[in-house]
Structures are given as C-alpha cells and as structure tokens.
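What follows is a short report on a single structure.
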Amino acid sequence: MLKHEDNERLVRVGKGTPGGELFRRYWMPACLSEELPERDGAPLRVRLLGEDLIAFRDTKGDVGLVDAYCPHRRAPMYFGRNEECGLRCAYHGWKFDKHGDCVDMPSEPMGSPLKDRVKMFAYPTYEAGGVVWTYMGPKEKMPATPDYEWMRAPASHAYISKTYEECNYLQALEGGLDTAHSSFVHNISVGSKNALRNADTAPRLDVNVTDYGYNYISTRDAGDNEKYIRVYQYVMPTQQMRGAVAKWDKNGGADDPHKVPKIDGHIWAPIDDEHTWVYNWTYAIDKSISYTSQDFEDFETFAGRGKDATIPGTYFPIRNKANDYLVDRKVQKTQTYTGITGINTQDFALQEGMGAIVDRSREFLGSTDKAIITMRRLMLEATRQVEEGAAPRGSDPASYRDIRPYDAVVPADMDWRVAFKDLLVAKW
Amino acid sequence: MLKHEDNERLVRVGKGTPGGELFRRYWMPACLSEELPERDGAPLRVRLLGEDLIAFRDTKGDVGLVDAYCPHRRAPMYFGRNEECGLRCAYHGWKFDKHGDCVDMPSEPMGSPLKDRVKMFAYPTYEAGGVVWTYMGPKEKMPATPDYEWMRAPASHAYISKTYEECNYLQALEGGLDTAHSSFVHNISVGSKNALRNADTAPRLDVNVTDYGYNYISTRDAGDNEKYIRVYQYVMPTQQMRGAVAKWDKNGGADDPHKVPKIDGHIWAPIDDEHTWVYNWTYAIDKSISYTSQDFEDFETFAGRGKDATIPGTYFPIRNKANDYLVDRKVQKTQTYTGITGINTQDFALQEGMGAIVDRSREFLGSTDKAIITMRRLMLEATRQVEEGAAPRGSDPASYRDIRPYDAVVPADMDWRVAFKDLLVAKW
Amino acid sequence: MLKHEDNERLVRVGKGTPGGELFRRYWMPACLSEELPERDGAPLRVRLLGEDLIAFRDTKGDVGLVDAYCPHRRAPMYFGRNEECGLRCAYHGWKFDKHGDCVDMPSEPMGSPLKDRVKMFAYPTYEAGGVVWTYMGPKEKMPATPDYEWMRAPASHAYISKTYEECNYLQALEGGLDTAHSSFVHNISVGSKNALRNADTAPRLDVNVTDYGYNYISTRDAGDNEKYIRVYQYVMPTQQMRGAVAKWDKNGGADDPHKVPKIDGHIWAPIDDEHTWVYNWTYAIDKSISYTSQDFEDFETFAGRGKDATIPGTYFPIRNKANDYLVDRKVQKTQTYTGITGINTQDFALQEGMGAIVDRSREFLGSTDKAIITMRRLMLEATRQVEEGAAPRGSDPASYRDIRPYDAVVPADMDWRVAFKDLLVAKW
C-alpha cells in the first residue's frame, strides 16, 4: 500500500505537480512518426502530461510541437495551415515556425514590432526509432536525447505501435513490471500445469537497483530439474523491457506460438491523470534473426493490438472498457482464466477495470509485488531529486544505452548471472 | 417544502451520510435472482447505495456479494473466474468465497500467513421472492430477513421485475405514495368524468402511522351514492403496496382492462444519489385467482415495463429521458393528459423530468401531499433513531409481515374500517 | 488581454453574476416564432442565461415563458398540456397562464385559498421580427421593447434563423466584431491577392462609441486607386450589423456570388456559460430589392447554416466540433485557408475550437483588435452601470432604431463620412 499523499505525488502528471515535474525531466514520446506521414501535412493533436499541443511536420521534414492555441486570440492551431516551414493560424494568418517564432503577421502593418515580441510556446522534438520525442521541462535541465537499444535496431528488424489506455499510467506501468500476473492473466490454460509460468505461480523476485532504474529477476521452477528465469529491465520513468524465451527453451512454446528470440517492451506516456498512451516496441535480438513485416504484425495480433483489433483510423482497441473487452465467459470457464482474447487486452481489462486512478491506500501487497514496491520508491525518490534541482535517475542515456533484458529456461543449478552475463548487453 | 438540510439528509445515500446509514439498517434488494441464473456463472456488477459490488452465484447456489475490487492490488473482480465456491481474481489468482475469506493465494509461497490475513469485504445475502437481498450495515444491528406477503406467494401466483430510473429514489418513492397524481397522469381520458379517479380529482387523505411506516386511505366520490377507497401501505424505508379495484367495482374497468383482484407495489433501491432500481412485484390475492404467465406479462406491458418496452438484455426502458418517453402530443391533446404510453413510463417522465435531485425547498405543498409529508417526517425521524443507535421503524419483519393493501368502490355510507377489516390482512 | 477577474465578469451569465445581471437589463431572444408554430401546441424547452424555462403559445396566440418546473412538487412543465390559455401540469393538473397565475387546481378542494397563493415564475414576452423576446430582469427596470431595423422589414424582405454554438457567447461575439479575420478564414483563395479582403490583410480600424455601442470603420486598400470601407454596427450587448458590398463594387463578387445589396447580422444569446444560440437575420436594404425565399435560403447555405447543413429537426450544424467540421486538408492546401465549407462553419471551427471559455489573460492583442477591446470596455463599464442601478448603454431602443451598417468600395480619396451619410440611416 501507499499513503494517500504518496499516491497523489505519483499519479498526478500536470504542470507543477511533483509527478508532473518529474516527467518533465525526461524525453517523452509525443507521437509516432507515422502519425505525421508527410511534410506540410495535417497538424496533429497531441495531449501529453495534461497539456494540449499541436504537432506538425514542416516543409523540411522537421517536427514542430507547439501550443494548441494561437497566442494572439487563442484560436485553435489544429485548424492552422501547415505551409513553408510554419503553421499559419487560420484566424488572422499569424504564422509560427517549429521554434514558436512568429514568421509572418499579415494582420499588422508591415514592419510592426509586434511580430518579434510574440512567441508561441514550443517544445523541442527529436525523432528516432519511429517516435517523435519531446522534452517539456526547463531548457537548462534538458538531458541528452534518448538512446534505447530498440531505437538503434534497423527498421527491418524492429516494429513500433501505440495503444490508447483509459486509466492512469501508474497502474499500467505496474502491470508491465509485474511478472507474477502472467501466470493467470495471459492465455494460461485453466488448471494446466504444463505452461512455464503456470507450473510455478509464485515466482521468487530479486530486484537490483541501477543507475537507470532496476533489473529484476524472477525465478520459477520449470520441472525436469530446470528453472525459468526472466530478467526484466525497468528504465525510469515508465519503460519496461522484456525478453522472449531463448532458443534453449524446451517447452515454452506450448502456450505461445511466438516464442522466438525477440525483445519487446512498452513505454507508458501519460496523456493526463486518467489516460495513457502505451508505446509498444519489438525488435530482433540480432541481425541473424530476420522477421518479415507479417511476423511483426503477427506479434501485434497475438498481443491484442493488431490492425483487426483496432478501431480503423485510430489507436483505440476494439475490445475495450465499453464492451467489457468482449469477455467470453464460456472460454473463461473452460480454457483461459480471463476469457479475453489478446495479451494486452487482458492487461487492459484488469488495469482499466481498476478505475481511472487506483486508491493504493487500500492495497494489500504480497511477495510478488517487490518490483512494484521498488519502482514506487524510486519514483518517489526521483520526485524529491527534482525538487532539489538534481537530475533524476534514468535521465542520462549513458545509464541505459547498453542494456537489454533476457528470458530463458536453464538447468536448475545454473547460475544465471554467469550464463546471462553477455546476454544482457545490447548488440545493436 | 423541506429545509435544504433536511432534503440533503434524506436524498444522500452514501456511506456515512444520515440517509445512507438509515438504508444500511434494512435488508435491501441487491438484484433479481434471474440475474444470476446459474451456479458458477458470470459475476454481476451491483451498485447499491453508492457502493460498487460484485455478486456471484457459487457452486452450491449461494450468492456472494463482495467488493468490486480485489484487496491485493484493486483489480476488478468482475473479470474474476467463478469456480468451486469462490471468485478467483484473474490478476494473480487470489480466490475468495462468499464470506470474503481468501481460500487460495497461488502467487504466494505455500503456507504463507498472508492468506489468512487478507479479507475481502463481503455483505450477507438472503434470497427469497425472486430477489437477492443484502444488508450493508453493522453486523450487530442486522435485523431478521425480510418477509413481505408478496415474497410468500408461490411463483405461480407472483411476478417480479425491475426497472432502471434515472433520478434520486425520493422523488420516485413520492410518486409511488401519491394517489392524487393518478387522476391526471395515468391514462385518464382528457376531460372525462367517467373514470373513477377522474370523477373526483381532490381525494381526501387519512394517514395512520404504524410500526412499519403507515397505511393511508384516500377517499373519492364515485357518484351514484358510492365512494372509491384506496388503502395504500407504506413500509419503510421505500416500499409501497397497492391493491387493484376489487370485484364489486362497477365501472373501474373502464380505463384499465387489467383491473382484476391483484396486489402490486414497488421497492425503490437507491443505486446512488442520482439513480434508482425500481423493483416491481405483483401477486394474486389468494389461491382462488389464477394467472397465466401471459397475464403477468400483460400487467407488465400495461405498466410500460414489458419486454417490448425494455432495451433487450437490460432493465432500461426504451421510452426514456433521452427520447422524451416518445410523448405523442396529439394523443395528449385528444386522449390522455400526458400523451405517453405505459403507466410507469408516465411516472418516470414526471419523476426523472424533475432532474436528478429535486430541490424541495422550492416546493409548494397541498392537501393531497399529506402522505408524502408524513413519509418524509418518518424518514427524518428514523435517521435520528439510527444516530442514537436504535433500530429504525419498519426494520423488524414482525411489524409488516401480516399486512396488505386494498382498493374498492363501496357505498357512500359504508364504514371502510369495518368493511375492509379482514381484507387488509395477509392471506399467504 | 483581459485580467482574469474582468474575463470572469464578462463570461458568466447566471443569475447574480455581474455579466448575468447585465444581460437581465436587455430584451433577449428566447426562441424563434417558428419554434412555436401553433396555438395550444407542444411546449418548448428554452434555456437562457443558465435558466431552464418552458415556452408555450397559448390559445390566443400569446407566448408564455415560465419556470421549467411546477411550483407544487417541481414536476417538469415540458410534459404539461397546453390548453385553453394555460399550461396544465400533467402531475396533479395544476394549470398556469402566461402570467404564471394559477388558474386551476383540481387536486385541492373547491375554493381552496392555495390557488391564489401559488404563483409560477413567468417572464414577459414580446414577439416581433420572427423572434420571441423576453426580459429577465427586475420589472421596474424593464426597457421598451426592441426595435431594430431588421425587425421592421416585411417578411417578404427578411429572413431569420438560428444556430447552436458550443462555446461561451463572448468569443462568438468577438468573432463577429472582428473584420480582420475575414481576410483569412472566409473562403479566401490561398495566396490570392484578388479578393477585396485579401488584397489588404491589415485593415485600419476606427471605432466610434455611441449611445447604443459603437460603429466602427475598417479601411483596406483595394488597388486601382480605390479603398474598401466596411461600417459595422455593434449594438449592446451582443448584436452585430454588417452590410454587403454595394452595387458600385467592381470586383468583390469574385469570391462571393451573393454580394448583393443586403444587410445581415447576428445576435448571440447565451444559453449558459458554455453554449450560445446565434440568431442570424438578413434583410433587403429597401423595397426596390426583391428576394425570393430561395434567395434567402441560398444566403443561408452560403453561410453554412442552410437546411442541408443542419441536423434535421434541430438547429445543430452537421459540420461541428465532433467531426472537426469535416475539414478537408487538401482544400486547405490548395484552395482556402481553412479547408472548411460554409462561412459560419469556418467561424464556429475557430470559436468553438478555442474551448468552452477562452482564458483572455493569455492573449496577445494587435491593432486589428481595437473593436474587440472597445466592446469589452463598454461591456465591463455596463456591468458597473447596472451595479449602480443605471440603465446600461444600448437598452433604450431610441438609441439604435435608426441605424444600419454599410460596406462599399470607394475611390481612394473619397471621404466615406460624406458619401455614406444617408446610407447609415434606416429606411424601413
């Protein structure tokens, strides 16, 4: 459980709140590159950390991320015209470039000094890994641009998507960091003891705090004198990295046809206190593994976020809160613990089903919640670091650029620290 | 009119409010039995007195009514699996029985003491009369289980349904206790003086306070040297009982083809401050009267809550606030005072049309409001009884188990107290 | 920009607020006459200045405008029966006339004194110009009934409509008073210098305060040794009057096929703080100009508020906030600055797109905002006049009854004050 005031400290993301200021010390995903497909194309509404913004790809291909409202009379820049390296407000024609500088003010007399005095609110952007990143904090505190391994994998070996989630980011992140739940939620055959994660439903957790957040190891008995080891990475503030079962896995494929050597994970980007964008990335562990784009789409489908599972033209799941995720009670009775189709859909049912913001003062935590408890402690600590003017943990790319997660079944007496040593190091 | 603070005292039903604590001293309807049709079937969302709960029928057929959220990490129990006398949270497999005891905790090491320390919030249930009842107050104050006559009538002679109403319970209850309105609202022919309740639109009211609430007698001139007597029962906190015109009625059938000897009524169960479930029960006055199930369905249709008038798969009326109850202004001009089809639909139009919660400080009451004024006084008095630790009026089944209402046209000089003496006593 | 407290002073329209009390010193449009098409017809819901009211046309043809709720038990008068010069509440049959007097109380004994003591809240009405007007302030402060020139033009030469706008009235009014925006928003060909308002995008403004509000003159260079003069009228609190380009216009028709001698304008009537009815009126400048009803409908279509652009049976635009006004980004790229069809639809996109209520403390005003700044100053001043008990500017019809606007291209050296002298005087 968390004291009410600590819960508030974490879940609120607006400007001026402790949690909001913490997020404003990291580069955050603002949108996918694919949402701004062409130069001088339609502006895009972006809501991030409770702020309403407009993104546009200018004539040179650079992305501007500016105030949603014109500084003149607060007209909506969404209806602005994206032209010649700037966004022109449709109301009086004032035009701003990606830096927020006013480059044309046709409603004022030629040479008016007003043009130089008016400035539109603009955030810096950085585009890489299929994502437009932004930094919304004070300029003098801006860290180096993000550099996760998945951003370096070539497009042929990587995939990125996003999904809308109707709840606070923290309960979503907590689901991501929680290995124990996969023993029930995720397509586990009811009563079966065959599947890896079902054979042992009470994993032992070992959390190692690092400069970027932590890695944590869950250990499950896997029978036959073997154990199943998962090494997750948590990169602050809201990223999780997770491996798939490695080649020496003997029986992990039983409940997941896609258990091939890949790495995947999420970043949870708070839209506001009650809504979250989940960025989903996947990549091959090295050049020797090749996936077709169909393979990546199959991963997405398996995760419940494929094109068929998404409302066309949006990133909203078709199976959602309003339709109870199309839960099939017969399937729940006879096949899986949830009766819901799609790995992430199963997560969403539980996370969104908690309500917009969980009251953590009413929890009753167990031993499998160790990773979650540590994350909360690190995040709370980081809000205090920010208040003291320091750079929070995980904001420096040097701290995480060389890491990756891993996941494997190994002999029961193997010391995974030795066996995995080289496997936890980035290869891209 | 009611002082603002007294209105607030009555209309608020949440935990800790005077009205809310009053309701928490009575057994309340939580759902219909038909909503939990099978053992180990789908859990059901129940919202009652502002609390979110989950009902489930377990393997033995008993009904559990528990917190909507798992005590572990607040995952939604709605997506839980109903299995072997318990509801298993789909998140980490914690399983709770109908008492709220944790009976399995697979994510913890075998033998962990946590299992015995965790308790899920659970309310006692009692199933009878086609209704699952619950008591949401302190254990030591729990009254005996409900025992209204309609609950004792055999299924062959009784019918129960429920309807969703979009307003506070009090204005709904007031509509139910108000005999005077039936002279206008309910299918009365415009300008006609033929119908019983229209012949005399200003009934005289006589309210007798009892141990369970009150009975009240309305008297109307019925012409031809006759009078029309209606004896209603009000059982606290929110039940109303009403007879149909008895056999000796000469012309009451003119505006109601279903005027046969039956008794019916409602219980208004507050969902929260602004929404109410209306439970509708009907039964035959004794074994000599037999109804087919079609007869009962015809009553429902006449009341405007039949299957054709309800959105399939729900208890929501098709004629509702959003479509102005499909009012037909031509019918209103030429046939009835409302132009709305269905007795209860007419009630809902007026009750919901008042807004979510009526501001009773702006009322101007008349002589036909005597029953309503008395109900308010008894309810206010009862909130104070509860504050003083006493059992409120009407919570003891002994106070009401033998009562029933009546309704008849009698000779003008007949003393109804004598004529009705035996007719106001339960026969089932 | 406006200080936060001054913004609040203007945007709030509820009873007891400074802005609300100001509006309650003017006759305001309550509905169109066409909304009450027949005597004893269906009552109409009217929400004005945050108050819920019911309008009905009685047996004599007079319009009553009364409380939406019956004074007895607050039943909705919307479901009342409009009959014999009164509205009868369907609940207990209490009947009220247009003055709010209770004329029948059938639920009380004959001769009860209650009938004379109960009074329904009623506002005076005045019907003219196709509009039902009302005055919602103190009786002793009631000004003479409205008398704008457009109300005097015969039905054959005038047209009135209304449109629902989803934002505070003030940003809508500001759009109406703002000539400069028409150089971009309104069907202006991208990059073209041909159209009158595009040739010079920085008009010079000259505002003359009057007893009714102000007139203001915008001057644009029109090339060929000509200038384009627009004389707008602002009549307090929320009316704007605007001429079309007069016959001597040489090239104004290029971007507007309907540039014929007519006068049009709007009144913005606040529904509540966040919603507004826009009344749109149009009339011919004199008897010599004749329009068919098709002509008027064509004006409406051009304005984006024609029948095809409106959700049937309502005054809600089909192109609205929920569908981004069906903006066509290709049209925006190649033809017009907005890509949106319909003059007023373009306005709505910008005005509603600002959000429900603009935060004017974040503005950065320019020289083209002179008229808007003056309007705000006059409105603030008027709220103080009302607080001091005085009649606010523009409430006396004598102040505005003889005015009209004008719009023309004239030789560059012409003194418009001389040329327009007689043209700014009402002819109807």
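Starting from 1 in every chain, residues are counted up; chains themselves are A, B, ... following the order of the structure tokens, and ligands are numbered from 1 as listed.
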
Inset, instruction - Could you tell me, as a ChimeraX atom specification, which residues of segment 167-352 of chain B DSSP assigns to strand (DSSP E) when given the backbone? - result: /B:204-209,213-221,226-235,239-243,262-272,275-284

Inset, instruction - Do a neighbour search on Pro76 of chain B at 10 Å with only C-alpha atoms, toss out local chain neighbours closer than 3 positions, and write the hits as a list in words. - result: Ala349, Leu350, Gln351, Glu352, Gly353, Met354 and Gly355 of chain A; Leu53, Ile54, Asp67, Ala68, Tyr69, Cys70, Pro71, Arg73, Phe79, Gly80, Cys89, Ala90 and Tyr91 of chain B

Can you write out the residues you just picked, keeping C-alpha atoms, as a compact mmCIF listing (two decimals), in the first residue's frame?
```txt
# COMPACT_ATOMS: atom_id res chain seq x y z
CA ALA A 349 -9.25 -5.30 -18.76
CA LEU A 350 -7.57 -5.53 -15.39
CA GLN A 351 -5.81 -2.17 -15.41
CA GLU A 352 -8.68 -0.06 -16.73
CA GLY A 353 -11.14 -2.12 -14.69
CA MET A 354 -9.47 -0.73 -11.55
CA GLY A 355 -11.00 2.66 -12.35
CA LEU B 53 -20.04 -4.58 -5.61
CA ILE B 54 -19.89 -7.89 -7.43
CA ASP B 67 -16.16 -5.70 -3.05
CA ALA B 68 -15.83 -4.90 -6.76
CA TYR B 69 -12.06 -4.75 -6.36
CA CYS B 70 -9.55 -7.34 -5.15
CA PRO B 71 -7.92 -6.36 -1.85
CA ARG B 73 -3.96 -4.59 -5.97
CA PHE B 79 -13.33 -10.26 -14.61
CA GLY B 80 -12.82 -12.89 -11.92
CA CYS B 89 -9.26 -12.75 -9.31
CA ALA B 90 -7.88 -13.07 -12.82
CA TYR B 91 -4.87 -10.90 -11.98
```

Inset, instruction - Residues of chain B no more than 10 Å from chain A, counting only C-alpha atoms: send them over as a ChimeraX atom specification. - result: /B:40-43,68-83,88-94,105-110,112,114-115,117-119

Legend entry - Between atom CA of Phe23 of chain C and atom CA of Leu177 of chain C, distance in Å (one decimal): 18.4 Å

Closest contacts (segment 141-230 of chain B/segment 299-302 of chain B, max 10 Å, only C-alpha atoms) as CSV:
```
residue,atom,partner,partner_atom,distance
B:Tyr159,CA,B:Glu300,CA,9.3
B:Ile160,CA,B:Glu300,CA,9.6
B:Ser161,CA,B:Glu300,CA,8.5
```

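You will find atom CA of Ala322 of chain C at 17.0 Å from atom CA of Arg47 of chain A.
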
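Look at Asp396 of chain C: the protein and nucleic acid residues within 8 Å of it, using only C-alpha atoms and passing over chain neighbours fewer than 5 places away, are Pro143, Ala144 and Tyr212 of chain C.
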
Inset, instruction - Give the helix (DSSP H, G or I) residues of segment 104-295 of chain C, as assigned by DSSP on the backbone, as a PyMOL selection string. - result: chain C and resi 114-117+139-141+149-152+155-157+169-177+180-183+196-199+252-255+293-295

Written file, previous selection with N, CA and C atoms, as an mmCIF file, in the first residue's frame:
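Once everything was written out, this is part-v9.cif:
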```
data_model
loop_
_atom_site.group_PDB
_atom_site.id
_atom_site.type_symbol
_atom_site.label_atom_id
_atom_site.label_comp_id
_atom_site.auth_asym_id
_atom_site.auth_seq_id
_atom_site.Cartn_x
_atom_site.Cartn_y
_atom_site.Cartn_z
ATOM 1 N N LEU C 114 -55.332 28.113 -1.602
ATOM 2 C CA LEU C 114 -53.985 27.809 -2.104
ATOM 3 C C LEU C 114 -53.803 28.317 -3.535
ATOM 4 N N LYS C 115 -54.861 28.187 -4.324
ATOM 5 C CA LYS C 115 -54.772 28.545 -5.742
ATOM 6 C C LYS C 115 -54.295 29.987 -5.939
ATOM 7 N N ASP C 116 -54.766 30.877 -5.104
ATOM 8 C CA ASP C 116 -54.366 32.278 -5.285
ATOM 9 C C ASP C 116 -52.981 32.562 -4.724
ATOM 10 N N ARG C 117 -52.547 31.717 -3.813
ATOM 11 C CA ARG C 117 -51.245 31.967 -3.180
ATOM 12 C C ARG C 117 -50.081 31.434 -4.010
ATOM 13 N N LYS C 139 -38.726 44.014 -12.812
ATOM 14 C CA LYS C 139 -39.820 44.646 -13.546
ATOM 15 C C LYS C 139 -39.631 46.162 -13.672
ATOM 16 N N GLU C 140 -39.181 46.759 -12.569
ATOM 17 C CA GLU C 140 -39.091 48.239 -12.566
ATOM 18 C C GLU C 140 -37.954 48.746 -13.449
ATOM 19 N N LYS C 141 -37.117 47.868 -13.912
ATOM 20 C CA LYS C 141 -36.011 48.289 -14.775
ATOM 21 C C LYS C 141 -36.263 47.933 -16.239
ATOM 22 N N GLU C 149 -33.913 47.783 -37.032
ATOM 23 C CA GLU C 149 -34.469 47.962 -38.371
ATOM 24 C C GLU C 149 -34.890 46.634 -39.002
ATOM 25 N N TRP C 150 -34.079 45.578 -38.789
ATOM 26 C CA TRP C 150 -34.396 44.289 -39.428
ATOM 27 C C TRP C 150 -35.729 43.725 -38.952
ATOM 28 N N MET C 151 -36.190 44.165 -37.762
ATOM 29 C CA MET C 151 -37.473 43.688 -37.253
ATOM 30 C C MET C 151 -38.632 44.359 -37.987
ATOM 31 N N ARG C 152 -38.327 45.505 -38.587
ATOM 32 C CA ARG C 152 -39.390 46.253 -39.262
ATOM 33 C C ARG C 152 -39.520 45.898 -40.748
ATOM 34 N N ALA C 155 -41.813 40.528 -43.933
ATOM 35 C CA ALA C 155 -41.381 39.139 -44.045
ATOM 36 C C ALA C 155 -40.897 38.823 -45.455
ATOM 37 N N SER C 156 -41.479 39.473 -46.442
ATOM 38 C CA SER C 156 -41.071 39.229 -47.830
ATOM 39 C C SER C 156 -39.643 39.687 -48.106
ATOM 40 N N HIS C 157 -39.141 40.564 -47.275
ATOM 41 C CA HIS C 157 -37.804 41.122 -47.488
ATOM 42 C C HIS C 157 -36.819 40.766 -46.375
ATOM 43 N N TYR C 169 -20.567 32.884 -25.218
ATOM 44 C CA TYR C 169 -21.001 33.890 -26.187
ATOM 45 C C TYR C 169 -19.899 34.885 -26.559
ATOM 46 N N LEU C 170 -18.975 35.145 -25.624
ATOM 47 C CA LEU C 170 -18.068 36.271 -25.833
ATOM 48 C C LEU C 170 -17.086 36.016 -26.976
ATOM 49 N N GLN C 171 -16.567 34.785 -27.049
ATOM 50 C CA GLN C 171 -15.655 34.520 -28.163
ATOM 51 C C GLN C 171 -16.404 34.484 -29.497
ATOM 52 N N ALA C 172 -17.695 34.158 -29.450
ATOM 53 C CA ALA C 172 -18.508 34.181 -30.665
ATOM 54 C C ALA C 172 -18.754 35.629 -31.093
ATOM 55 N N LEU C 173 -19.149 36.469 -30.148
ATOM 56 C CA LEU C 173 -19.354 37.894 -30.421
ATOM 57 C C LEU C 173 -18.070 38.531 -30.946
ATOM 58 N N GLU C 174 -16.963 38.200 -30.327
ATOM 59 C CA GLU C 174 -15.687 38.768 -30.763
ATOM 60 C C GLU C 174 -15.362 38.394 -32.195
ATOM 61 N N GLY C 175 -15.703 37.154 -32.566
ATOM 62 C CA GLY C 175 -15.518 36.761 -33.963
ATOM 63 C C GLY C 175 -16.378 37.618 -34.881
ATOM 64 N N GLY C 176 -17.589 37.895 -34.441
ATOM 65 C CA GLY C 176 -18.493 38.695 -35.266
ATOM 66 C C GLY C 176 -18.024 40.126 -35.446
ATOM 67 N N LEU C 177 -17.414 40.690 -34.411
ATOM 68 C CA LEU C 177 -16.990 42.098 -34.469
ATOM 69 C C LEU C 177 -15.632 42.275 -35.145
ATOM 70 N N ALA C 180 -10.989 41.758 -39.384
ATOM 71 C CA ALA C 180 -9.690 41.322 -39.903
ATOM 72 C C ALA C 180 -9.663 39.839 -40.253
ATOM 73 N N HIS C 181 -10.372 39.024 -39.473
ATOM 74 C CA HIS C 181 -10.261 37.583 -39.708
ATOM 75 C C HIS C 181 -10.822 37.168 -41.064
ATOM 76 N N SER C 182 -11.696 38.004 -41.621
ATOM 77 C CA SER C 182 -12.300 37.593 -42.888
ATOM 78 C C SER C 182 -11.262 37.546 -44.011
ATOM 79 N N SER C 183 -10.129 38.154 -43.796
ATOM 80 C CA SER C 183 -9.081 38.090 -44.816
ATOM 81 C C SER C 183 -8.459 36.706 -44.919
ATOM 82 N N LEU C 196 -11.115 41.228 -52.374
ATOM 83 C CA LEU C 196 -11.066 42.505 -51.681
ATOM 84 C C LEU C 196 -10.373 42.436 -50.327
ATOM 85 N N ARG C 197 -10.785 41.448 -49.533
ATOM 86 C CA ARG C 197 -10.282 41.420 -48.165
ATOM 87 C C ARG C 197 -8.901 40.807 -48.073
ATOM 88 N N ASN C 198 -8.480 40.197 -49.180
ATOM 89 C CA ASN C 198 -7.170 39.584 -49.156
ATOM 90 C C ASN C 198 -6.110 40.518 -49.692
ATOM 91 N N ALA C 199 -6.524 41.486 -50.488
ATOM 92 C CA ALA C 199 -5.578 42.427 -51.080
ATOM 93 C C ALA C 199 -4.866 43.200 -49.974
ATOM 94 N N GLY C 252 -15.718 42.757 -55.981
ATOM 95 C CA GLY C 252 -15.992 41.998 -54.751
ATOM 96 C C GLY C 252 -16.685 40.682 -54.998
ATOM 97 N N GLY C 253 -17.397 40.602 -56.091
ATOM 98 C CA GLY C 253 -18.135 39.386 -56.388
ATOM 99 C C GLY C 253 -17.251 38.186 -56.657
ATOM 100 N N ALA C 254 -16.000 38.454 -56.854
ATOM 101 C CA ALA C 254 -15.085 37.381 -57.229
ATOM 102 C C ALA C 254 -15.142 36.196 -56.271
ATOM 103 N N ASP C 255 -15.219 36.482 -54.983
ATOM 104 C CA ASP C 255 -15.201 35.357 -54.039
ATOM 105 C C ASP C 255 -16.519 35.193 -53.296
ATOM 106 N N SER C 293 -37.738 33.475 -51.614
ATOM 107 C CA SER C 293 -37.330 32.734 -50.421
ATOM 108 C C SER C 293 -36.136 31.850 -50.766
ATOM 109 N N GLN C 294 -36.038 31.431 -52.039
ATOM 110 C CA GLN C 294 -34.861 30.657 -52.455
ATOM 111 C C GLN C 294 -33.591 31.492 -52.300
ATOM 112 N N ASP C 295 -33.677 32.779 -52.615
ATOM 113 C CA ASP C 295 -32.510 33.642 -52.449
ATOM 114 C C ASP C 295 -32.047 33.627 -50.995
#
```

Inset, instruction - Might you pull out every residue within 10 Å of Pro138 of chain A, with only C-alpha atoms counted and same-chain residues fewer than 6 positions away left off, and present them as a list in words? - result: Glu21, Arg24 and Arg25 of chain A
